[in-house]
Amino acid sequence: MIPAKERWYETRIFAVLFSGILASLITAYCLHIWHADFSVPFELRGNVDFYRMRIQNLIETGDWNSATRLGGTEGLKYQDGLSSGWLNWIFLVIFSLFTKNPSSIMNLYYLLGFPLAAMSATYVLRSFRASNLAAIFAGLLFPFLPFHFASGESDLFLSAYFLIPFAILMAFYIEEGMLRFSWERSDSVFENIRRNRRVLFFFLVGIGITGTSVSYFAFTCFFLLIAFLTERLRNRQWTRATTTSFALIGVTVLSYIISLLPSFVFQIRGGTLAGVANAAVSDGEKFSFKLIDLIIPYSDHHLGRFRNMVQLFHNSEPVSNQNTAVALGIFGVFGLLLLLLYPLLRFGSQKSTEHDQTWVFASKMLYCSIFLCAFGGFGTWIYRYATTGIRFYYQICVFIFFFALIAVALFVDLVLRAAKAEPQFASRFGKRIGKWWTKTTRIRVILLSLILVPLLFVAIYDLVPMHAFYSYSSVRETAKENQTFFTSVETSLGADTLVYVLPDIPLSIPEDGATTNANTPLTPYLYTQSLRFSAGSILGSKAQIWNQEIAAMAPNEVVTALREQNYGAVYFDLSGDKDGSLRAQMNAIVTAAGSTPIISKDGQQWVIDLRKTS
């Protein structure tokens, strides 16, 4: 039988585009984007300044790993030693062609992550044979995971998780042996590419996932390995599909190793890699997730009763870790429970449906995720005895959420199909009841579709944090004050002046959280055009050791040593000076330098000119 031709609103391209447009509109409303100023960041927490710094490096030098105005006299050569994040940087380079403002580039990329996540999720759910309506419904929930808002611009690359659905689809195709690469010499290049387009696409996905986040790459490899082993246990013979799957996994791993080559070469040539500071033995547990944290509401829920319940729950926990952002919401929990119960519901059943393979795959991968990354899971053993390179196991919540959404989409599709099916009692009452049921089928489907609309917005309301939108006016005012202050500083000091920055906080891997906050030593770099700074030295590098030695000297010695190294000024950030020791050191250096300092409006930032005396 020839399948009926799809109507335009039943096509996959319509579902993908519609979900992308609707996700953009919902994002704009949730973030109150009409109040935003794109010339400044949306927020000033966590690692925002770190990403702004690297985008500024990209604009000034054409390389996100180097900066001529940071790192003192030698400049900054930053290598994270784990992942280049090259795919994210490709997007940022494209945006830099249209604007040279690092904050605007960062804002645009963060916003782009929402529709891209919705579109990729919808496309993959359609690939799992869910209907357009079911795929759009579940796909629109994917970008609004609380983890997305918790990461925000502070962990910009973690917020860009739009490739994860394709990685999961690749694992499914590997498990089912559906990827077979064949190149026929008798066919043209175009015909071979067209025949192998699915395999070639997943080669690109495997390569692309290495340029996102080290955690996303590691979890993808884990699921690919599970899928490959499942296929091997099921089919003992080595087939073309097995060879293709093995090649896909190999290319994914190899491309990640290649992405690390610049870091290896940099280290061989004497460079210092930015290390992970404070990597404690307990981090494998600290950064895992607990199953209950997937189920309870997000800590910033709109309903006060839920917020109080979650707060009381976390306060009473014997072991507290970083799991406040892994909540899955109402429908995420519903899908999670369906997958957990699926082996029990299907036990002993001989019936098979069109979606059985998908249900089994999603359920199995969910159980594997829990065994690996839950509190006390195998991830703890891997962290302790294999590698400390992967420690943020709670980040697998993005994968778990998509597995749950697969179950949600298939359940919605099941309900819609039940509404269209012929009643079992039609034969008893003859053709009349059958005709009545057929006439009302369209009405039932329309009513079910209308019910899904409020359910969708209830689900999004449940997922999106109460404070999803940012304090745009506060950030704008802070940026304005900083710009005014540092413009006057740059005018006073002149171009290319070397500035020593205190306190000295070395750079390390951004996820470490020890390098950036709203008032980091990177702030003066971001608001000037020509001044050079000692800030940005890599943890353990010669420049960072020298900075430490200078900071430990007596005030008179500090001034003398800096002048000998052609430093023209000292910058103090007093925002984190709780005990007053930094202010005392600053006052002593002001006296030793004999110059009148330049002071910010709030009195927290001081610049002492070492070349002028009052």
# chains A, B, ... in the order shown; residues from 1 in each chain; ligands from 1
call {"tool": "residues_around", "arguments": {"residues": "range 381-394 of chain A", "least_positions_apart": "4", "cutoff": "6 Å", "atoms": "only C-alpha atoms", "output": "list in words"}}
result
Gly284, Phe287, Ser288, Phe289 and Cys373 of chain A
call {"tool": "write_last_selection", "arguments": {"atoms": "N, CA, C and O atoms", "output": "mmCIF file, in the first residue's frame"}}
result
data_model
loop_
_atom_site.group_PDB
_atom_site.id
_atom_site.type_symbol
_atom_site.label_atom_id
_atom_site.label_comp_id
_atom_site.auth_asym_id
_atom_site.auth_seq_id
_atom_site.Cartn_x
_atom_site.Cartn_y
_atom_site.Cartn_z
ATOM 1 N N GLY A 284 33.640 13.461 43.301
ATOM 2 C CA GLY A 284 32.858 12.499 42.545
ATOM 3 C C GLY A 284 31.453 12.345 43.092
ATOM 4 O O GLY A 284 30.503 12.108 42.350
ATOM 5 N N PHE A 287 29.452 16.211 42.965
ATOM 6 C CA PHE A 287 28.920 16.639 41.679
ATOM 7 C C PHE A 287 28.120 15.543 40.983
ATOM 8 O O PHE A 287 27.947 15.573 39.774
ATOM 9 N N SER A 288 27.641 14.562 41.744
ATOM 10 C CA SER A 288 26.712 13.580 41.206
ATOM 11 C C SER A 288 25.291 14.100 41.418
ATOM 12 O O SER A 288 25.091 15.221 41.859
ATOM 13 N N PHE A 289 24.296 13.283 41.099
ATOM 14 C CA PHE A 289 22.914 13.706 41.367
ATOM 15 C C PHE A 289 22.211 12.624 42.174
ATOM 16 O O PHE A 289 22.578 11.450 42.147
ATOM 17 N N CYS A 373 25.731 7.853 37.210
ATOM 18 C CA CYS A 373 25.901 9.230 37.704
ATOM 19 C C CYS A 373 25.151 9.562 38.984
ATOM 20 O O CYS A 373 25.314 10.670 39.511
#
call {"tool": "residues_around", "arguments": {"residues": "range 177-185 of chain A", "least_positions_apart": "4", "cutoff": "8 Å", "atoms": "only C-alpha atoms", "output": "list in words"}}
result
Tyr173, Asn192, Asn196, Arg198, Val199, Glu231, Arg240, Ala241, Thr242, Thr244 and Ser245 of chain A
call {"tool": "write_last_selection", "arguments": {"atoms": "all heavy atoms", "output": "short mmCIF file (atom, residue, chain, number, x, y, z; two decimals), in the first residue's frame"}}
result
data_model
loop_
_atom_site.label_atom_id
_atom_site.label_comp_id
_atom_site.auth_asym_id
_atom_site.auth_seq_id
_atom_site.Cartn_x
_atom_site.Cartn_y
_atom_site.Cartn_z
N TYR A 173 20.29 4.43 16.68
CA TYR A 173 20.55 3.82 15.37
C TYR A 173 21.67 2.79 15.45
O TYR A 173 21.64 1.77 14.75
CB TYR A 173 20.90 4.89 14.34
CG TYR A 173 19.70 5.66 13.83
CD1 TYR A 173 19.85 6.88 13.20
CD2 TYR A 173 18.42 5.16 13.97
CE1 TYR A 173 18.76 7.60 12.71
CE2 TYR A 173 17.32 5.85 13.50
CZ TYR A 173 17.49 7.08 12.87
OH TYR A 173 16.41 7.76 12.40
N ASN A 192 26.49 8.33 -4.07
CA ASN A 192 27.03 7.70 -2.86
C ASN A 192 26.77 8.56 -1.64
O ASN A 192 26.40 8.05 -0.57
CB ASN A 192 28.53 7.46 -3.02
CG ASN A 192 28.84 6.18 -3.79
OD1 ASN A 192 28.36 5.11 -3.45
ND2 ASN A 192 29.62 6.31 -4.85
N ASN A 196 24.36 7.56 1.57
CA ASN A 196 24.97 7.48 2.90
C ASN A 196 24.77 8.75 3.71
O ASN A 196 25.51 8.99 4.67
CB ASN A 196 26.47 7.20 2.77
CG ASN A 196 26.77 5.85 2.15
OD1 ASN A 196 26.53 4.82 2.75
ND2 ASN A 196 27.28 5.87 0.92
N ARG A 198 22.66 9.71 5.92
CA ARG A 198 22.39 9.55 7.35
C ARG A 198 23.68 9.24 8.11
O ARG A 198 23.96 9.84 9.15
CB ARG A 198 21.38 8.44 7.59
CG ARG A 198 21.12 8.17 9.07
CD ARG A 198 20.23 6.96 9.27
NE ARG A 198 18.86 7.22 8.87
CZ ARG A 198 17.89 6.30 8.90
NH1 ARG A 198 18.17 5.06 9.28
NH2 ARG A 198 16.66 6.60 8.52
N VAL A 199 24.49 8.34 7.57
CA VAL A 199 25.75 7.98 8.22
C VAL A 199 26.68 9.18 8.26
O VAL A 199 27.31 9.47 9.29
CB VAL A 199 26.41 6.80 7.50
CG1 VAL A 199 27.77 6.48 8.13
CG2 VAL A 199 25.51 5.57 7.54
N GLU A 231 24.07 -4.06 20.71
CA GLU A 231 23.97 -4.60 19.35
C GLU A 231 24.85 -5.82 19.18
O GLU A 231 24.46 -6.80 18.52
CB GLU A 231 24.37 -3.50 18.36
CG GLU A 231 24.07 -3.83 16.90
CD GLU A 231 25.20 -4.60 16.23
OE1 GLU A 231 26.35 -4.52 16.73
OE2 GLU A 231 24.93 -5.30 15.23
N ARG A 240 28.17 -5.13 8.26
CA ARG A 240 28.53 -3.79 7.79
C ARG A 240 28.04 -2.73 8.77
O ARG A 240 28.70 -1.71 8.98
CB ARG A 240 27.94 -3.55 6.41
CG ARG A 240 28.25 -2.18 5.83
CD ARG A 240 27.80 -2.05 4.39
NE ARG A 240 28.58 -2.93 3.52
CZ ARG A 240 28.41 -3.00 2.20
NH1 ARG A 240 27.50 -2.25 1.62
NH2 ARG A 240 29.16 -3.81 1.48
N ALA A 241 26.89 -2.98 9.38
CA ALA A 241 26.37 -2.04 10.37
C ALA A 241 27.29 -1.97 11.58
O ALA A 241 27.52 -0.90 12.16
CB ALA A 241 24.96 -2.45 10.81
N THR A 242 27.86 -3.10 11.98
CA THR A 242 28.79 -3.13 13.10
C THR A 242 30.05 -2.33 12.77
O THR A 242 30.54 -1.55 13.59
CB THR A 242 29.18 -4.57 13.43
OG1 THR A 242 28.01 -5.36 13.61
CG2 THR A 242 30.02 -4.62 14.70
N THR A 244 30.31 0.12 10.62
CA THR A 244 29.95 1.54 10.58
C THR A 244 29.82 2.12 11.99
O THR A 244 30.31 3.23 12.26
CB THR A 244 28.62 1.73 9.82
OG1 THR A 244 28.73 1.16 8.51
CG2 THR A 244 28.27 3.20 9.70
N SER A 245 29.18 1.37 12.89
CA SER A 245 29.03 1.84 14.26
C SER A 245 30.38 1.99 14.94
O SER A 245 30.64 2.98 15.64
CB SER A 245 28.15 0.87 15.05
OG SER A 245 26.87 0.74 14.47
#
call {"tool": "atom_distance", "arguments": {"atom1": "CA of Ile226 in chain A", "atom2": "CA of Leu248 in chain A"}}
result
13.7 Å
call {"tool": "residues_around", "arguments": {"residues": "Cys368 in chain A", "least_positions_apart": "5", "cutoff": "12 Å", "atoms": "only C-alpha atoms", "output": "JSON, numbers by chain"}}
result
{"A": [219, 222, 223, 224, 225, 226, 227, 339, 340, 361, 362, 363, 373, 374, 377, 378, 379, 396, 399, 400, 403]}
call {"tool": "write_last_selection", "arguments": {"atoms": "C-alpha atoms", "output": "compact mmCIF listing (two decimals), in the first residue's frame"}}
result
# COMPACT_ATOMS: atom_id res chain seq x y z
CA PHE A 219 28.26 10.96 28.38
CA PHE A 222 29.07 6.24 27.34
CA PHE A 223 25.69 5.88 25.59
CA LEU A 224 27.34 4.99 22.27
CA LEU A 225 29.31 2.25 24.01
CA ILE A 226 26.17 0.86 25.69
CA ALA A 227 24.37 0.86 22.34
CA LEU A 339 10.55 4.65 31.71
CA LEU A 340 11.32 3.32 35.19
CA PHE A 361 16.07 1.94 24.32
CA ALA A 362 15.01 4.99 26.38
CA SER A 363 14.28 2.89 29.47
CA CYS A 373 25.90 9.23 37.70
CA ALA A 374 23.61 8.96 40.72
CA GLY A 377 26.99 5.33 41.43
CA PHE A 378 29.79 3.97 39.28
CA GLY A 379 30.84 7.52 38.43
CA ILE A 396 23.74 14.16 32.71
CA PHE A 399 20.26 13.50 28.72
CA ILE A 400 17.86 12.11 31.32
CA PHE A 403 14.88 10.35 27.60
call {"tool": "closest_residue", "arguments": {"among": "A:Tyr161, A:Phe533, A:Tyr216, A:Phe166", "to": "Leu204 in chain A", "atoms": "only C-alpha atoms"}}
result
A:Phe166
call {"tool": "atom_distance", "arguments": {"atom1": "CA of Ala459 in chain A", "atom2": "CA of Val124 in chain A"}}
result
20.2 Å
call {"tool": "residues_around", "arguments": {"residues": "Ser24 in chain A", "least_positions_apart": "4", "cutoff": "9 Å", "atoms": "only C-alpha atoms", "output": "PyMOL selection string"}}
result
chain A and resi 19-20+28-29+111-112+114-115
